[in-house]
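Q: So here's start25.cif (mmCIF, C-alpha atoms).
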```cif
data_start
#
loop_
_atom_site.group_PDB
_atom_site.id
_atom_site.type_symbol
_atom_site.label_atom_id
_atom_site.label_comp_id
_atom_site.auth_asym_id
_atom_site.auth_seq_id
_atom_site.Cartn_x
_atom_site.Cartn_y
_atom_site.Cartn_z
ATOM 1 C CA MET A 1 46.449 225.173 142.674
ATOM 2 C CA LEU A 2 44.299 228.208 143.394
ATOM 3 C CA ARG A 3 46.340 230.117 140.828
ATOM 4 C CA ASN A 4 45.564 227.606 138.102
ATOM 5 C CA ARG A 5 41.889 227.125 138.827
ATOM 6 C CA PRO A 6 40.429 230.038 136.797
ATOM 7 C CA LEU A 7 42.198 228.811 133.681
ATOM 8 C CA THR A 8 40.232 225.605 133.775
ATOM 9 C CA VAL A 9 36.806 227.119 134.443
ATOM 10 C CA ALA A 10 35.905 227.717 130.784
ATOM 11 C CA THR A 11 36.783 224.136 129.901
ATOM 12 C CA ALA A 12 34.939 222.834 132.951
ATOM 13 C CA LEU A 13 31.795 224.542 131.727
ATOM 14 C CA LEU A 14 31.855 222.736 128.393
ATOM 15 C CA VAL A 15 32.740 219.400 129.933
ATOM 16 C CA THR A 16 29.845 219.625 132.367
ATOM 17 C CA LEU A 17 26.977 221.129 130.386
ATOM 18 C CA GLY A 18 26.498 217.974 128.332
ATOM 19 C CA THR A 19 26.332 215.938 131.537
ATOM 20 C CA ILE A 20 23.414 217.961 132.851
ATOM 21 C CA GLY A 21 21.533 217.984 129.559
ATOM 22 C CA ILE A 22 22.425 221.383 128.138
ATOM 23 C CA GLY A 23 23.703 221.522 124.575
ATOM 24 C CA VAL A 24 26.269 224.190 123.632
ATOM 25 C CA ALA A 25 28.023 225.248 120.439
ATOM 26 C CA THR A 26 31.694 224.720 121.290
ATOM 27 C CA ALA A 27 32.759 227.507 118.910
ATOM 28 C CA GLN A 28 31.245 230.042 121.310
ATOM 29 C CA GLN A 29 33.426 229.100 124.285
ATOM 30 C CA PRO A 30 33.761 232.269 126.387
ATOM 31 C CA SER A 31 37.072 233.276 127.927
ATOM 32 C CA VAL A 32 37.678 232.850 131.658
ATOM 33 C CA GLY A 33 37.304 236.605 132.129
ATOM 34 C CA GLU A 34 34.065 236.777 130.143
ATOM 35 C CA GLN A 35 32.674 233.915 132.146
ATOM 36 C CA ALA A 36 33.569 235.613 135.409
ATOM 37 C CA VAL A 37 31.793 238.789 134.270
ATOM 38 C CA LYS A 38 28.710 236.743 133.380
ATOM 39 C CA TYR A 39 28.835 235.137 136.814
ATOM 40 C CA ARG A 40 29.262 238.533 138.443
ATOM 41 C CA LYS A 41 26.251 240.044 136.667
ATOM 42 C CA ALA A 42 24.111 237.009 137.394
ATOM 43 C CA LEU A 43 25.092 237.048 141.050
ATOM 44 C CA TYR A 44 24.142 240.714 141.444
ATOM 45 C CA GLN A 45 20.844 239.997 139.686
ATOM 46 C CA VAL A 46 20.125 237.185 142.136
ATOM 47 C CA ILE A 47 21.041 239.414 145.084
ATOM 48 C CA VAL A 48 18.801 242.247 143.819
ATOM 49 C CA TRP A 49 15.841 239.864 143.678
ATOM 50 C CA ASP A 50 15.924 239.846 147.486
ATOM 51 C CA VAL A 51 17.366 243.322 148.058
ATOM 52 C CA ALA A 52 14.545 244.995 146.098
ATOM 53 C CA PRO A 53 11.672 243.886 148.369
ATOM 54 C CA LEU A 54 13.888 244.377 151.454
ATOM 55 C CA GLY A 55 14.423 247.982 150.368
ATOM 56 C CA ALA A 56 10.751 248.493 149.623
ATOM 57 C CA MET A 57 9.826 247.151 153.072
ATOM 58 C CA ALA A 58 12.507 249.286 154.745
ATOM 59 C CA GLN A 59 11.086 252.352 152.986
ATOM 60 C CA ASP A 60 7.458 251.483 153.792
ATOM 61 C CA LYS A 61 6.588 251.115 150.117
ATOM 62 C CA MET A 62 5.547 247.527 150.694
ATOM 63 C CA PRO A 63 3.887 245.945 153.774
ATOM 64 C CA PHE A 64 6.527 244.927 156.333
ATOM 65 C CA ASP A 65 6.611 241.161 156.804
ATOM 66 C CA ALA A 66 9.202 240.176 159.422
ATOM 67 C CA LYS A 67 9.341 236.548 158.311
ATOM 68 C CA ASP A 68 9.802 237.324 154.633
ATOM 69 C CA PHE A 69 12.300 240.048 155.515
ATOM 70 C CA ALA A 70 14.376 237.572 157.549
ATOM 71 C CA ARG A 71 14.258 234.920 154.831
ATOM 72 C CA ARG A 72 15.473 237.379 152.207
ATOM 73 C CA ALA A 73 18.123 238.914 154.491
ATOM 74 C CA GLU A 74 19.494 235.444 155.100
ATOM 75 C CA HIS A 75 19.795 234.880 151.329
ATOM 76 C CA VAL A 76 21.655 238.163 150.870
ATOM 77 C CA ALA A 77 24.057 237.361 153.723
ATOM 78 C CA TYR A 78 24.835 234.036 152.072
ATOM 79 C CA LEU A 79 25.239 235.479 148.592
ATOM 80 C CA THR A 80 27.422 238.564 149.118
ATOM 81 C CA PRO A 81 30.550 236.562 150.132
ATOM 82 C CA LEU A 82 30.307 234.720 146.789
ATOM 83 C CA LEU A 83 31.183 238.001 145.051
ATOM 84 C CA ALA A 84 34.799 237.388 146.117
ATOM 85 C CA ASP A 85 35.093 234.902 143.210
ATOM 86 C CA ALA A 86 33.565 237.294 140.695
ATOM 87 C CA TYR A 87 36.457 239.683 140.067
ATOM 88 C CA PRO A 88 39.434 237.493 139.070
ATOM 89 C CA ALA A 89 42.455 239.109 137.398
ATOM 90 C CA GLU A 90 41.457 237.390 134.128
ATOM 91 C CA SER A 91 38.357 239.610 133.934
ATOM 92 C CA ARG A 92 40.397 242.827 133.868
ATOM 93 C CA GLY A 93 40.266 243.353 130.111
ATOM 94 C CA VAL A 94 36.590 242.492 129.639
ATOM 95 C CA THR A 95 34.690 245.554 128.403
ATOM 96 C CA ASP A 96 31.088 244.328 128.621
ATOM 97 C CA THR A 97 30.716 245.521 132.199
ATOM 98 C CA LYS A 98 29.761 248.646 134.151
ATOM 99 C CA LEU A 99 32.848 248.211 136.336
ATOM 100 C CA LYS A 100 35.102 251.260 136.089
ATOM 101 C CA PRO A 101 38.660 250.287 135.101
ATOM 102 C CA GLU A 102 40.089 252.281 138.029
ATOM 103 C CA MET A 103 38.992 249.437 140.309
ATOM 104 C CA TRP A 104 42.026 247.502 139.091
ATOM 105 C CA THR A 105 44.422 250.161 140.374
ATOM 106 C CA ASN A 106 42.464 250.573 143.646
ATOM 107 C CA ARG A 107 41.945 246.938 144.417
ATOM 108 C CA ALA A 108 42.580 247.229 148.161
ATOM 109 C CA ASP A 109 39.975 249.992 148.475
ATOM 110 C CA PHE A 110 37.517 247.998 146.375
ATOM 111 C CA ASP A 111 38.064 244.878 148.485
ATOM 112 C CA GLN A 112 37.512 246.912 151.638
ATOM 113 C CA LYS A 113 34.198 248.215 150.265
ATOM 114 C CA MET A 114 33.212 244.681 149.310
ATOM 115 C CA GLN A 115 34.054 243.484 152.827
ATOM 116 C CA ALA A 116 31.825 246.246 154.244
ATOM 117 C CA LEU A 117 28.966 244.848 152.140
ATOM 118 C CA VAL A 118 29.630 241.324 153.400
ATOM 119 C CA ASP A 119 29.792 242.504 157.027
ATOM 120 C CA ARG A 120 26.651 244.610 156.769
ATOM 121 C CA SER A 121 24.637 241.931 155.063
ATOM 122 C CA ALA A 122 25.631 239.564 157.886
ATOM 123 C CA ALA A 123 24.523 242.272 160.340
ATOM 124 C CA LEU A 124 21.242 242.650 158.437
ATOM 125 C CA SER A 125 20.529 238.942 158.695
ATOM 126 C CA ALA A 126 21.448 238.968 162.407
ATOM 127 C CA ALA A 127 19.152 241.961 162.997
ATOM 128 C CA ALA A 128 16.359 240.186 161.134
ATOM 129 C CA LYS A 129 16.569 237.277 163.582
ATOM 130 C CA THR A 130 15.573 239.638 166.421
ATOM 131 C CA GLY A 131 12.274 240.479 164.685
ATOM 132 C CA ASP A 132 12.729 244.122 165.766
ATOM 133 C CA GLU A 133 11.303 246.125 162.865
ATOM 134 C CA ALA A 134 13.220 249.349 163.550
ATOM 135 C CA LYS A 135 16.541 247.503 163.874
ATOM 136 C CA MET A 136 15.864 245.526 160.709
ATOM 137 C CA LYS A 137 15.090 248.632 158.685
ATOM 138 C CA ALA A 138 18.140 250.473 160.048
ATOM 139 C CA ALA A 139 20.350 247.492 159.201
ATOM 140 C CA PHE A 140 19.001 247.520 155.662
ATOM 141 C CA PHE A 141 19.980 251.166 155.180
ATOM 142 C CA GLU A 142 23.448 250.439 156.591
ATOM 143 C CA MET A 143 23.847 247.724 153.991
ATOM 144 C CA GLY A 144 22.349 249.905 151.264
ATOM 145 C CA ASN A 145 25.017 252.505 152.002
ATOM 146 C CA ALA A 146 27.715 249.870 151.510
ATOM 147 C CA CYS A 147 26.208 249.073 148.075
ATOM 148 C CA LYS A 148 26.059 252.759 147.210
ATOM 149 C CA ASP A 149 29.618 253.564 148.404
ATOM 150 C CA CYS A 150 31.028 251.069 145.951
ATOM 151 C CA HIS A 151 28.610 251.837 143.098
ATOM 152 C CA ASP A 152 29.334 255.573 143.347
ATOM 153 C CA LYS A 153 33.072 254.983 142.985
ATOM 154 C CA TYR A 154 33.427 251.900 140.813
ATOM 155 C CA ARG A 155 30.227 251.463 138.779
ATOM 156 C CA ASN A 156 29.471 253.346 135.583
ATOM 157 C CA LYS A 157 25.893 254.644 135.296
ATOM 158 C CA MET B 1 -0.029 238.040 151.713
ATOM 159 C CA LEU B 2 2.040 235.494 149.813
ATOM 160 C CA ARG B 3 -0.451 235.748 146.959
ATOM 161 C CA ASN B 4 0.060 239.483 146.658
ATOM 162 C CA ARG B 5 3.831 239.574 147.039
ATOM 163 C CA PRO B 6 4.854 238.939 143.399
ATOM 164 C CA LEU B 7 2.695 241.861 142.244
ATOM 165 C CA THR B 8 4.794 244.246 144.267
ATOM 166 C CA VAL B 9 8.215 242.916 143.224
ATOM 167 C CA ALA B 10 8.519 245.066 140.090
ATOM 168 C CA THR B 11 7.736 248.186 142.083
ATOM 169 C CA ALA B 12 10.093 247.127 144.874
ATOM 170 C CA LEU B 13 12.909 246.937 142.372
ATOM 171 C CA LEU B 14 12.474 250.534 141.262
ATOM 172 C CA VAL B 15 12.022 251.823 144.793
ATOM 173 C CA THR B 16 15.227 250.139 145.941
ATOM 174 C CA LEU B 17 17.690 250.599 143.096
ATOM 175 C CA GLY B 18 18.053 254.318 143.740
ATOM 176 C CA THR B 19 18.795 253.576 147.400
ATOM 177 C CA ILE B 20 21.746 251.378 146.505
ATOM 178 C CA GLY B 21 23.126 253.758 143.889
ATOM 179 C CA ILE B 22 21.834 252.231 140.672
ATOM 180 C CA GLY B 23 20.033 254.540 138.251
ATOM 181 C CA VAL B 24 17.197 253.118 136.110
ATOM 182 C CA ALA B 25 14.948 254.496 133.383
ATOM 183 C CA THR B 26 11.465 254.071 134.890
ATOM 184 C CA ALA B 27 9.899 253.626 131.440
ATOM 185 C CA GLN B 28 11.622 250.242 131.168
ATOM 186 C CA GLN B 29 9.939 248.708 134.218
ATOM 187 C CA PRO B 30 9.756 244.960 133.545
ATOM 188 C CA SER B 31 6.649 242.959 134.413
ATOM 189 C CA VAL B 32 6.610 240.639 137.428
ATOM 190 C CA GLY B 33 6.825 237.644 135.101
ATOM 191 C CA GLU B 34 9.725 239.089 133.127
ATOM 192 C CA GLN B 35 11.567 239.848 136.328
ATOM 193 C CA ALA B 36 11.046 236.309 137.591
ATOM 194 C CA VAL B 37 12.453 234.915 134.335
ATOM 195 C CA LYS B 38 15.486 237.179 134.674
ATOM 196 C CA TYR B 39 15.950 235.953 138.238
ATOM 197 C CA ARG B 40 15.576 232.356 137.109
ATOM 198 C CA LYS B 41 18.203 232.679 134.375
ATOM 199 C CA ALA B 42 20.606 234.492 136.670
ATOM 200 C CA LEU B 43 20.158 231.883 139.378
ATOM 201 C CA TYR B 44 20.931 229.030 136.994
ATOM 202 C CA GLN B 45 23.979 230.947 135.760
ATOM 203 C CA VAL B 46 25.211 231.321 139.342
ATOM 204 C CA ILE B 47 24.597 227.624 140.021
ATOM 205 C CA VAL B 48 26.453 226.585 136.845
ATOM 206 C CA TRP B 49 29.499 228.573 137.958
ATOM 207 C CA ASP B 50 29.975 225.951 140.686
ATOM 208 C CA VAL B 51 28.425 222.970 138.900
ATOM 209 C CA ALA B 52 30.829 223.273 135.949
ATOM 210 C CA PRO B 53 34.061 222.662 137.910
ATOM 211 C CA LEU B 54 32.290 220.063 140.074
ATOM 212 C CA GLY B 55 31.392 218.179 136.888
ATOM 213 C CA ALA B 56 34.886 218.535 135.482
ATOM 214 C CA MET B 57 36.367 217.171 138.725
ATOM 215 C CA ALA B 58 33.836 214.324 138.819
ATOM 216 C CA GLN B 59 34.812 213.414 135.243
ATOM 217 C CA ASP B 60 38.557 213.685 135.897
ATOM 218 C CA LYS B 61 38.898 216.547 133.418
ATOM 219 C CA MET B 62 40.243 218.785 136.162
ATOM 220 C CA PRO B 63 42.395 217.898 139.197
ATOM 221 C CA PHE B 64 40.222 216.712 142.087
ATOM 222 C CA ASP B 65 40.436 219.112 145.035
ATOM 223 C CA ALA B 66 38.299 217.863 147.940
ATOM 224 C CA LYS B 67 38.205 221.235 149.682
ATOM 225 C CA ASP B 68 37.190 223.187 146.596
ATOM 226 C CA PHE B 69 34.675 220.471 145.707
ATOM 227 C CA ALA B 70 33.073 220.721 149.159
ATOM 228 C CA ARG B 71 32.968 224.522 149.045
ATOM 229 C CA ARG B 72 31.230 224.490 145.664
ATOM 230 C CA ALA B 73 28.864 221.670 146.606
ATOM 231 C CA GLU B 74 27.783 223.668 149.636
ATOM 232 C CA HIS B 75 26.975 226.652 147.394
ATOM 233 C CA VAL B 76 24.885 224.501 145.070
ATOM 234 C CA ALA B 77 22.981 222.963 147.985
ATOM 235 C CA TYR B 78 22.168 226.454 149.233
ATOM 236 C CA LEU B 79 21.177 227.795 145.825
ATOM 237 C CA THR B 80 18.914 225.093 144.377
ATOM 238 C CA PRO B 81 16.097 225.639 146.932
ATOM 239 C CA LEU B 82 15.958 229.290 145.803
ATOM 240 C CA LEU B 83 14.655 228.074 142.420
ATOM 241 C CA ALA B 84 11.279 227.567 144.127
ATOM 242 C CA ASP B 85 10.700 231.353 143.817
ATOM 243 C CA ALA B 86 11.717 231.451 140.168
ATOM 244 C CA TYR B 87 8.635 229.995 138.482
ATOM 245 C CA PRO B 88 5.682 232.074 139.720
ATOM 246 C CA ALA B 89 2.360 231.887 137.855
ATOM 247 C CA GLU B 90 2.973 235.444 136.582
ATOM 248 C CA SER B 91 5.887 234.163 134.467
ATOM 249 C CA ARG B 92 3.662 231.781 132.481
ATOM 250 C CA GLY B 93 3.227 233.995 129.426
ATOM 251 C CA VAL B 94 6.846 235.164 129.182
ATOM 252 C CA THR B 95 8.366 233.926 125.914
ATOM 253 C CA ASP B 96 12.040 234.877 126.392
ATOM 254 C CA THR B 97 12.851 231.558 128.070
ATOM 255 C CA LYS B 98 13.879 228.010 127.139
ATOM 256 C CA LEU B 99 11.171 226.637 129.435
ATOM 257 C CA LYS B 100 8.733 224.476 127.473
ATOM 258 C CA PRO B 101 5.142 225.648 127.944
ATOM 259 C CA GLU B 102 4.043 222.095 128.861
ATOM 260 C CA MET B 103 5.608 222.654 132.280
ATOM 261 C CA TRP B 104 2.559 224.692 133.194
ATOM 262 C CA THR B 105 0.211 221.750 132.603
ATOM 263 C CA ASN B 106 2.595 219.318 134.360
ATOM 264 C CA ARG B 107 3.433 221.436 137.354
ATOM 265 C CA ALA B 108 3.312 218.587 139.898
ATOM 266 C CA ASP B 109 5.771 216.539 137.834
ATOM 267 C CA PHE B 110 8.017 219.568 137.372
ATOM 268 C CA ASP B 111 7.954 220.334 141.102
ATOM 269 C CA GLN B 112 8.843 216.718 141.853
ATOM 270 C CA LYS B 113 11.838 216.934 139.504
ATOM 271 C CA MET B 114 12.875 220.197 141.129
ATOM 272 C CA GLN B 115 12.623 218.578 144.568
ATOM 273 C CA ALA B 116 14.862 215.746 143.350
ATOM 274 C CA LEU B 117 17.463 218.371 142.415
ATOM 275 C CA VAL B 118 17.197 220.007 145.837
ATOM 276 C CA ASP B 119 17.480 216.635 147.610
ATOM 277 C CA ARG B 120 20.430 215.479 145.518
ATOM 278 C CA SER B 121 22.337 218.714 145.867
ATOM 279 C CA ALA B 122 21.891 218.408 149.645
ATOM 280 C CA ALA B 123 23.178 214.824 149.361
ATOM 281 C CA LEU B 124 26.126 216.055 147.281
ATOM 282 C CA SER B 125 27.084 218.599 149.910
ATOM 283 C CA ALA B 126 26.706 215.963 152.657
ATOM 284 C CA ALA B 127 28.889 213.527 150.687
ATOM 285 C CA ALA B 128 31.492 216.248 150.186
ATOM 286 C CA LYS B 129 31.786 216.635 153.958
ATOM 287 C CA THR B 130 33.047 213.042 154.198
ATOM 288 C CA GLY B 131 36.023 213.814 151.915
ATOM 289 C CA ASP B 132 35.506 210.428 150.225
ATOM 290 C CA GLU B 133 36.372 211.070 146.571
ATOM 291 C CA ALA B 134 34.389 208.151 145.105
ATOM 292 C CA LYS B 135 31.264 209.079 147.082
ATOM 293 C CA MET B 136 31.596 212.715 146.111
ATOM 294 C CA LYS B 137 31.890 211.919 142.421
ATOM 295 C CA ALA B 138 28.974 209.477 142.560
ATOM 296 C CA ALA B 139 26.839 212.078 144.336
ATOM 297 C CA PHE B 140 27.666 214.585 141.622
ATOM 298 C CA PHE B 141 26.413 212.244 138.899
ATOM 299 C CA GLU B 142 23.231 211.580 140.895
ATOM 300 C CA MET B 143 22.614 215.317 140.989
ATOM 301 C CA GLY B 144 23.578 215.711 137.321
ATOM 302 C CA ASN B 145 20.901 213.172 136.447
ATOM 303 C CA ALA B 146 18.322 215.246 138.307
ATOM 304 C CA CYS B 147 19.362 218.282 136.197
ATOM 305 C CA LYS B 148 19.166 216.231 133.008
ATOM 306 C CA ASP B 149 15.784 214.613 133.819
ATOM 307 C CA CYS B 150 14.186 218.024 134.009
ATOM 308 C CA HIS B 151 16.116 219.591 131.108
ATOM 309 C CA ASP B 152 15.207 216.697 128.812
ATOM 310 C CA LYS B 153 11.512 217.141 129.495
ATOM 311 C CA TYR B 154 11.025 220.849 130.140
ATOM 312 C CA ARG B 155 13.914 222.755 128.544
ATOM 313 C CA ASN B 156 14.109 223.659 124.857
ATOM 314 C CA LYS B 157 17.510 223.129 123.258
#
```
If you took the structure in this file and wrote it as structure tokens, what would it be?
A:
Amino acid sequence: MLRNRPLTVATALLVTLGTIGIGVATAQQPSVGEQAVKYRKALYQVIVWDVAPLGAMAQDKMPFDAKDFARRAEHVAYLTPLLADAYPAESRGVTDTKLKPEMWTNRADFDQKMQALVDRSAALSAAAKTGDEAKMKAAFFEMGNACKDCHDKYRNK
Amino acid sequence: MLRNRPLTVATALLVTLGTIGIGVATAQQPSVGEQAVKYRKALYQVIVWDVAPLGAMAQDKMPFDAKDFARRAEHVAYLTPLLADAYPAESRGVTDTKLKPEMWTNRADFDQKMQALVDRSAALSAAAKTGDEAKMKAAFFEMGNACKDCHDKYRNK
């Protein structure tokens, strides 16, 4: 069942878009892999929307607001686990991505780095619930390092 | 404070991207409005990733899987409230969007339609927790209608 699911995603998209009032040209149906890459990019974009002000607050480039920080940290902690769906095997051949191909031969290492991001974003959100500014900022930099570790190794500039 | 926050988002992005290992050309700094539109599009893309298979399952175009349905419904219920941040006043003049300009003179109606989406995606996720296939499918169509109501009025084809 899980194995077959990605193969039906592209079709599911077309079936559903009409239902929610979005017209599409059926000739342009993207492949499963292309759709996963689109999802991946969109998901990172959504995550950055919250990570950017968190980083600016952590670096004192923007006024620190504990409540806003906590709200955004909670979003990030929810969103990072969704990345697990964003790198299916079907997306391996897709070239319109900054992902370095060596990820596919180092999958276990990549997954470990991804898990570090998930763990540290959970820790960031937990720290934010304490309201302790120093802890919150430190937890942001811990998470930022998890981002950077993976970008340095698996993301083209 | 809230009033000033959007003005600092564009700067926050630049400040943070270096920290997480993403290089950017500073000359290309997008405006606050442009960034919000990017966020908006990305957020819808992320939502559609789950809505598409939900719709296909609801329409019997894909095998119904109660567990996968519930997992995806929960994502959608979490994500739709985030759309509240995606239409700031600064994005009014941005043209690279399918949003019809009349939204800006019908904001209360738009916000009401958006709230209907939030409410119905919460109801969808609640229905999915019951495991009752008929209720889950019905709740999907209720939510789909909320999507369509707003798309029909405020989204260019």
Q: Give me the chain A side of the contact with chain B, cut-off 8 Å, one line per residue showing its nearest atom pair and distance in Å at one decimal, counting only C-alpha atoms, sorted by chain and residue number, as a tab-separated table.
A:
```
residue	atom	partner	partner_atom	distance
A:Thr8	CA	B:Met62	CA	7.2
A:Val9	CA	B:Pro53	CA	6.3
A:Ala12	CA	B:Ala56	CA	5.0
A:Leu13	CA	B:Ala52	CA	4.5
A:Leu14	CA	B:Ala52	CA	7.6
A:Val15	CA	B:Ala56	CA	6.0
A:Thr16	CA	B:Gly55	CA	5.0
A:Leu17	CA	B:Ala52	CA	7.1
A:Thr19	CA	B:Gly144	CA	6.4
A:Ile20	CA	B:Lys148	CA	4.6
A:Gly21	CA	B:Lys148	CA	4.5
A:Ile22	CA	B:Lys157	CA	7.1
A:Gly23	CA	B:Lys157	CA	6.5
A:Lys38	CA	B:Gln45	CA	7.9
A:Tyr39	CA	B:Val46	CA	5.8
A:Lys41	CA	B:Ala42	CA	7.9
A:Ala42	CA	B:Ala42	CA	4.4
A:Leu43	CA	B:Val46	CA	6.0
A:Gln45	CA	B:Ala42	CA	6.3
A:Val46	CA	B:Tyr39	CA	5.8
A:Val48	CA	B:Leu13	CA	7.7
A:Trp49	CA	B:Tyr39	CA	6.7
A:Val51	CA	B:Thr16	CA	7.5
A:Ala52	CA	B:Leu13	CA	4.5
A:Pro53	CA	B:Ala12	CA	5.0
A:Gly55	CA	B:Thr16	CA	5.0
A:Ala56	CA	B:Ala12	CA	5.0
A:Lys61	CA	B:Ala12	CA	7.5
A:Met62	CA	B:Thr8	CA	7.3
A:Gly144	CA	B:Ile20	CA	5.0
A:Asn145	CA	B:Ile20	CA	6.5
A:Ala146	CA	B:Ile20	CA	7.9
A:Cys147	CA	B:Ile20	CA	5.3
A:Lys148	CA	B:Gly21	CA	4.5
A:Asp149	CA	B:Gly21	CA	7.9
A:His151	CA	B:Gly21	CA	5.9
A:Asp152	CA	B:Gly21	CA	6.5
A:Lys157	CA	B:Gly23	CA	6.6
```
Q: Record the distance separating atom CA of Asp132 of chain A and atom CA of Leu83 of chain B, expressed in Å with one decimal.
A: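 Those two atoms sit 28.4 Å apart.
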Q: What is the distance, in Å and to one decimal place, between atom CA of Leu99 of chain B and atom CA of Val76 of chain B?
A: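 Taking atom CA of Leu99 of chain B and atom CA of Val76 of chain B, their separation equals 20.9 Å.
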Q: Report as a count of residues only all protein, DNA and RNA residues lying within 10 Å of segment 90-96 of chain A, evaluated on only C-alpha atoms, omitting residues in the same chain fewer than 4 positions from it.
A: 15
Q: List, as an MDAnalysis selection string, every residue that the PyMOL selection byres ((chain B and resi 128) around 12) selects in the file provided.
A: chainID B and resid 54 58 64:77 121:127 129:140
Q: Store the residues of this selection in a file with C-alpha atoms, as a compact mmCIF listing (two decimals), in the coordinates of the input.
A:
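Saved as out-v2.txt:
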```
# COMPACT_ATOMS: atom_id res chain seq x y z
CA LEU B 54 32.29 220.06 140.07
CA ALA B 58 33.84 214.32 138.82
CA PHE B 64 40.22 216.71 142.09
CA ASP B 65 40.44 219.11 145.04
CA ALA B 66 38.30 217.86 147.94
CA LYS B 67 38.20 221.24 149.68
CA ASP B 68 37.19 223.19 146.60
CA PHE B 69 34.67 220.47 145.71
CA ALA B 70 33.07 220.72 149.16
CA ARG B 71 32.97 224.52 149.04
CA ARG B 72 31.23 224.49 145.66
CA ALA B 73 28.86 221.67 146.61
CA GLU B 74 27.78 223.67 149.64
CA HIS B 75 26.98 226.65 147.39
CA VAL B 76 24.88 224.50 145.07
CA ALA B 77 22.98 222.96 147.99
CA SER B 121 22.34 218.71 145.87
CA ALA B 122 21.89 218.41 149.65
CA ALA B 123 23.18 214.82 149.36
CA LEU B 124 26.13 216.06 147.28
CA SER B 125 27.08 218.60 149.91
CA ALA B 126 26.71 215.96 152.66
CA ALA B 127 28.89 213.53 150.69
CA LYS B 129 31.79 216.64 153.96
CA THR B 130 33.05 213.04 154.20
CA GLY B 131 36.02 213.81 151.92
CA ASP B 132 35.51 210.43 150.22
CA GLU B 133 36.37 211.07 146.57
CA ALA B 134 34.39 208.15 145.10
CA LYS B 135 31.26 209.08 147.08
CA MET B 136 31.60 212.72 146.11
CA LYS B 137 31.89 211.92 142.42
CA ALA B 138 28.97 209.48 142.56
CA ALA B 139 26.84 212.08 144.34
CA PHE B 140 27.67 214.58 141.62
```
Q: Just how far from atom CA of Pro30 of chain B is atom CA of Tyr154 of chain B, in Å to one decimal?
A: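 The value is 24.4 Å.
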Q: Copy segment 75-86 of chain A out of the block into a file, keeping N, CA and C atoms, as a PDB file, in the first residue's frame.
A:
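After the write, selection38.pdb holds the following:
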```
ATOM      1  N   HIS A  75       5.337  26.337  14.686  1.00  0.00           N
ATOM      2  CA  HIS A  75       5.109  26.028  13.267  1.00  0.00           C
ATOM      3  C   HIS A  75       6.254  25.171  12.710  1.00  0.00           C
ATOM      4  N   VAL A  76       7.480  25.622  12.971  1.00  0.00           N
ATOM      5  CA  VAL A  76       8.648  24.937  12.411  1.00  0.00           C
ATOM      6  C   VAL A  76       8.710  23.493  12.919  1.00  0.00           C
ATOM      7  N   ALA A  77       8.427  23.310  14.208  1.00  0.00           N
ATOM      8  CA  ALA A  77       8.452  21.956  14.783  1.00  0.00           C
ATOM      9  C   ALA A  77       7.387  21.060  14.154  1.00  0.00           C
ATOM     10  N   TYR A  78       6.273  21.660  13.751  1.00  0.00           N
ATOM     11  CA  TYR A  78       5.242  20.869  13.078  1.00  0.00           C
ATOM     12  C   TYR A  78       5.650  20.541  11.643  1.00  0.00           C
ATOM     13  N   LEU A  79       6.275  21.501  10.994  1.00  0.00           N
ATOM     14  CA  LEU A  79       6.549  21.375   9.558  1.00  0.00           C
ATOM     15  C   LEU A  79       7.739  20.483   9.218  1.00  0.00           C
ATOM     16  N   THR A  80       8.799  20.518  10.006  1.00  0.00           N
ATOM     17  CA  THR A  80      10.004  19.758   9.612  1.00  0.00           C
ATOM     18  C   THR A  80       9.739  18.249   9.469  1.00  0.00           C
ATOM     19  N   PRO A  81       8.907  17.616  10.290  1.00  0.00           N
ATOM     20  CA  PRO A  81       8.666  16.178  10.066  1.00  0.00           C
ATOM     21  C   PRO A  81       7.983  15.885   8.720  1.00  0.00           C
ATOM     22  N   LEU A  82       7.299  16.885   8.158  1.00  0.00           N
ATOM     23  CA  LEU A  82       6.636  16.660   6.860  1.00  0.00           C
ATOM     24  C   LEU A  82       7.655  16.452   5.740  1.00  0.00           C
ATOM     25  N   LEU A  83       8.879  16.918   5.949  1.00  0.00           N
ATOM     26  CA  LEU A  83       9.925  16.747   4.930  1.00  0.00           C
ATOM     27  C   LEU A  83      10.190  15.269   4.622  1.00  0.00           C
ATOM     28  N   ALA A  84       9.834  14.388   5.535  1.00  0.00           N
ATOM     29  CA  ALA A  84      10.041  12.949   5.318  1.00  0.00           C
ATOM     30  C   ALA A  84       9.352  12.452   4.042  1.00  0.00           C
ATOM     31  N   ASP A  85       8.235  13.108   3.670  1.00  0.00           N
ATOM     32  CA  ASP A  85       7.500  12.714   2.453  1.00  0.00           C
ATOM     33  C   ASP A  85       8.085  13.330   1.183  1.00  0.00           C
ATOM     34  N   ALA A  86       9.056  14.226   1.334  1.00  0.00           N
ATOM     35  CA  ALA A  86       9.436  15.092   0.221  1.00  0.00           C
ATOM     36  C   ALA A  86      10.617  14.581  -0.606  1.00  0.00           C
TER      37      ALA A  86
END
```
